[in-house]
Each structure stands twice: as structure tokens, then as C-alpha cells.
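For reference, the structure discussed in these notes is given below.
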Amino acid sequence: MTAAGFKKNRACRYCGAENLQLVLSLGAQPPSNSFLRSEQIAAEVCYPLDLYRCERCFLVQLLDVVSAESIFDDYVYLSSSSKALVQHYGRLAQAVTARLNLKAGDVVVDIGCNDGILLNGYTLPNLVRVGVEPSKVAEVASASGLTVFREFFAPALSRRIVEAHGP
């Protein structure tokens, strides 16, 4: 069942041109990680998943924009449930630590931190680790001892993070 709760852009998100060409249509798709019982599947909400290319600037984009609340209110996937992802994000955190020469007291912010998988990969003592996660998965990250803002990232939140934790 295709649902309301999304808007269709008529112009390119980058240059504003209205000459957009459909490149690939995957039809109506449900949000990811929706764990439904068999009797719920018939009423499952789906959204168009169509890829368009702007003929002026060549940006490839989705024109159908689903409201963030529709996607994240019941989002339940835990990234740390994958051993491979834990290892990957651990290596990424170590690479970032080395590349940026992070030291105690520095602040790292993960936007879309899920269950804290990347932030938990930082092993440098006294590194300030801050997460931003709009879904209820933020509770898992918070329970692991991380500072997590359960909201969508926006300029006002950025300012609050800097005021509370530093740049």
C-alpha cells in the first residue's frame, strides 16, 4: 500500500532545474527493518523508490522525500549486531584518531550514531564522544555510557553540542 507522508520534489535538489529523467524505478518499497507479523504485511506502508537524473547538473537523486519521522520513529536496527561492522567501525575510529591526531579532551560527534558503534570504537582515554540519533536506538547508545542527543541534527543542536562539549 503506497502511503502519504512523503512529498515529491519537482525540481533538482541542487540546481533547481525541472528537467529530470527517471533512471531507475524500484517501485513502492517499505521502510527498512520493519519486522512485521504475517497478518500485518498487507497493510504495510510503502514509498516510491525512483531514481532521477538532472539533465542540467547530472545529480542523481530521489524526488520522493519521506518524512524523517515516518522512517525513524520505529527504527530498530542495531549496527553492533554485526561483528563485521563492529570491526570495521573500530578500524575507522582508530584511523580517524591517527589521521586527526586526536588527544584527550577532543570532541568527536557521530551524526546518526545508531547504537554507538563508531563512538564505542574510539579507545583513546578521555575523548569526548557525542552521538546524535533520532530513533529509539539512541537509548541503547545512551545505556552504554555515551552522551546522545535523541533528535535530528540541525544548526541549533550543533550550537548546543559545541556549548556543552566544545568544538
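Ordering of the C-alpha cells sets the chain letters (A, B, ...); residue numbers start at 1 within each chain; ligands are numbered from 1 in the order shown.
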
Using the chain letters and numbers from this document, which residues of range 10-157 of chain A does DSSP assign to strand (DSSP E), as JSON, numbers by chain? {"A": [20, 21, 22, 23, 24, 25, 26, 27, 28, 29, 47, 48, 49, 50, 51, 52, 53, 54, 60, 61, 62, 64, 65, 66, 107, 108, 109, 110, 111, 128, 129, 130, 131, 132, 147, 148, 149]}

Give me a file of those residues, with N, CA and C atoms, as an mmCIF file, in the first residue's frame.
data_model
loop_
_atom_site.group_PDB
_atom_site.id
_atom_site.type_symbol
_atom_site.label_atom_id
_atom_site.label_comp_id
_atom_site.auth_asym_id
_atom_site.auth_seq_id
_atom_site.Cartn_x
_atom_site.Cartn_y
_atom_site.Cartn_z
ATOM 1 N N LEU A 20 14.125 16.539 -15.267
ATOM 2 C CA LEU A 20 14.606 15.369 -14.537
ATOM 3 C C LEU A 20 14.172 14.109 -15.267
ATOM 4 N N GLN A 21 15.090 13.185 -15.418
ATOM 5 C CA GLN A 21 14.802 11.961 -16.156
ATOM 6 C C GLN A 21 14.836 10.763 -15.211
ATOM 7 N N LEU A 22 13.788 9.929 -15.279
ATOM 8 C CA LEU A 22 13.752 8.718 -14.486
ATOM 9 C C LEU A 22 14.837 7.770 -14.984
ATOM 10 N N VAL A 23 15.697 7.325 -14.071
ATOM 11 C CA VAL A 23 16.799 6.431 -14.413
ATOM 12 C C VAL A 23 16.468 4.993 -14.019
ATOM 13 N N LEU A 24 15.879 4.835 -12.828
ATOM 14 C CA LEU A 24 15.590 3.508 -12.309
ATOM 15 C C LEU A 24 14.415 3.591 -11.355
ATOM 16 N N SER A 25 13.450 2.687 -11.537
ATOM 17 C CA SER A 25 12.319 2.616 -10.620
ATOM 18 C C SER A 25 12.342 1.258 -9.932
ATOM 19 N N LEU A 26 12.361 1.291 -8.620
ATOM 20 C CA LEU A 26 12.280 0.054 -7.841
ATOM 21 C C LEU A 26 10.887 -0.120 -7.248
ATOM 22 N N GLY A 27 9.934 0.673 -7.740
ATOM 23 C CA GLY A 27 8.559 0.552 -7.290
ATOM 24 C C GLY A 27 8.363 1.075 -5.881
ATOM 25 N N ALA A 28 7.273 0.676 -5.276
ATOM 26 C CA ALA A 28 6.967 1.095 -3.907
ATOM 27 C C ALA A 28 7.642 0.124 -2.948
ATOM 28 N N GLN A 29 8.397 0.664 -2.001
ATOM 29 C CA GLN A 29 9.167 -0.156 -1.063
ATOM 30 C C GLN A 29 8.815 0.217 0.379
ATOM 31 N N TYR A 47 6.711 3.288 0.061
ATOM 32 C CA TYR A 47 7.007 4.588 -0.538
ATOM 33 C C TYR A 47 7.686 4.377 -1.885
ATOM 34 N N PRO A 48 7.494 5.302 -2.830
ATOM 35 C CA PRO A 48 8.162 5.169 -4.127
ATOM 36 C C PRO A 48 9.677 5.228 -3.966
ATOM 37 N N LEU A 49 10.373 4.369 -4.692
ATOM 38 C CA LEU A 49 11.834 4.388 -4.696
ATOM 39 C C LEU A 49 12.283 4.500 -6.150
ATOM 40 N N ASP A 50 12.298 5.734 -6.625
ATOM 41 C CA ASP A 50 12.623 6.040 -8.011
ATOM 42 C C ASP A 50 13.827 6.974 -8.059
ATOM 43 N N LEU A 51 14.760 6.650 -8.919
ATOM 44 C CA LEU A 51 15.996 7.411 -9.059
ATOM 45 C C LEU A 51 15.915 8.267 -10.324
ATOM 46 N N TYR A 52 16.181 9.563 -10.167
ATOM 47 C CA TYR A 52 16.126 10.516 -11.283
ATOM 48 C C TYR A 52 17.492 11.169 -11.475
ATOM 49 N N ARG A 53 17.752 11.603 -12.712
ATOM 50 C CA ARG A 53 18.976 12.350 -13.021
ATOM 51 C C ARG A 53 18.586 13.712 -13.576
ATOM 52 N N CYS A 54 19.218 14.721 -13.020
ATOM 53 C CA CYS A 54 19.001 16.085 -13.506
ATOM 54 C C CYS A 54 19.753 16.241 -14.820
ATOM 55 N N VAL A 60 22.185 12.666 -9.516
ATOM 56 C CA VAL A 60 21.241 11.553 -9.425
ATOM 57 C C VAL A 60 20.623 11.616 -8.036
ATOM 58 N N GLN A 61 19.297 11.535 -7.974
ATOM 59 C CA GLN A 61 18.605 11.816 -6.721
ATOM 60 C C GLN A 61 17.247 11.148 -6.662
ATOM 61 N N LEU A 62 16.735 11.037 -5.437
ATOM 62 C CA LEU A 62 15.358 10.628 -5.211
ATOM 63 C C LEU A 62 14.514 11.891 -5.183
ATOM 64 N N ASP A 64 11.113 11.625 -4.363
ATOM 65 C CA ASP A 64 10.123 11.358 -3.331
ATOM 66 C C ASP A 64 10.834 11.375 -1.980
ATOM 67 N N VAL A 65 10.453 12.334 -1.142
ATOM 68 C CA VAL A 65 11.101 12.521 0.150
ATOM 69 C C VAL A 65 10.136 12.115 1.253
ATOM 70 N N VAL A 66 10.495 11.063 1.966
ATOM 71 C CA VAL A 66 9.670 10.555 3.058
ATOM 72 C C VAL A 66 10.010 11.350 4.307
ATOM 73 N N VAL A 107 36.752 16.401 21.039
ATOM 74 C CA VAL A 107 35.353 16.003 20.898
ATOM 75 C C VAL A 107 35.148 15.350 19.539
ATOM 76 N N VAL A 108 34.521 14.186 19.536
ATOM 77 C CA VAL A 108 34.097 13.553 18.289
ATOM 78 C C VAL A 108 32.579 13.437 18.330
ATOM 79 N N VAL A 109 31.934 13.741 17.218
ATOM 80 C CA VAL A 109 30.478 13.694 17.125
ATOM 81 C C VAL A 109 30.105 12.753 15.984
ATOM 82 N N ASP A 110 29.234 11.821 16.260
ATOM 83 C CA ASP A 110 28.735 10.904 15.240
ATOM 84 C C ASP A 110 27.264 11.219 15.005
ATOM 85 N N ILE A 111 26.962 11.724 13.813
ATOM 86 C CA ILE A 111 25.582 12.059 13.444
ATOM 87 C C ILE A 111 24.957 10.814 12.836
ATOM 88 N N VAL A 128 36.007 12.949 24.292
ATOM 89 C CA VAL A 128 34.590 13.268 24.491
ATOM 90 C C VAL A 128 33.828 12.727 23.282
ATOM 91 N N ARG A 129 32.949 11.753 23.528
ATOM 92 C CA ARG A 129 32.209 11.084 22.458
ATOM 93 C C ARG A 129 30.741 11.472 22.547
ATOM 94 N N VAL A 130 30.225 12.087 21.479
ATOM 95 C CA VAL A 130 28.847 12.588 21.458
ATOM 96 C C VAL A 130 28.132 11.997 20.250
ATOM 97 N N GLY A 131 26.949 11.487 20.466
ATOM 98 C CA GLY A 131 26.154 10.934 19.385
ATOM 99 C C GLY A 131 24.879 11.717 19.156
ATOM 100 N N VAL A 132 24.411 11.662 17.920
ATOM 101 C CA VAL A 132 23.121 12.227 17.542
ATOM 102 C C VAL A 132 22.361 11.096 16.861
ATOM 103 N N THR A 147 27.110 10.070 25.534
ATOM 104 C CA THR A 147 26.225 11.234 25.531
ATOM 105 C C THR A 147 25.541 11.238 24.175
ATOM 106 N N VAL A 148 24.224 11.114 24.180
ATOM 107 C CA VAL A 148 23.475 11.018 22.923
ATOM 108 C C VAL A 148 22.299 11.977 22.948
ATOM 109 N N PHE A 149 22.158 12.731 21.878
ATOM 110 C CA PHE A 149 21.011 13.614 21.685
ATOM 111 C C PHE A 149 20.021 12.871 20.808
#
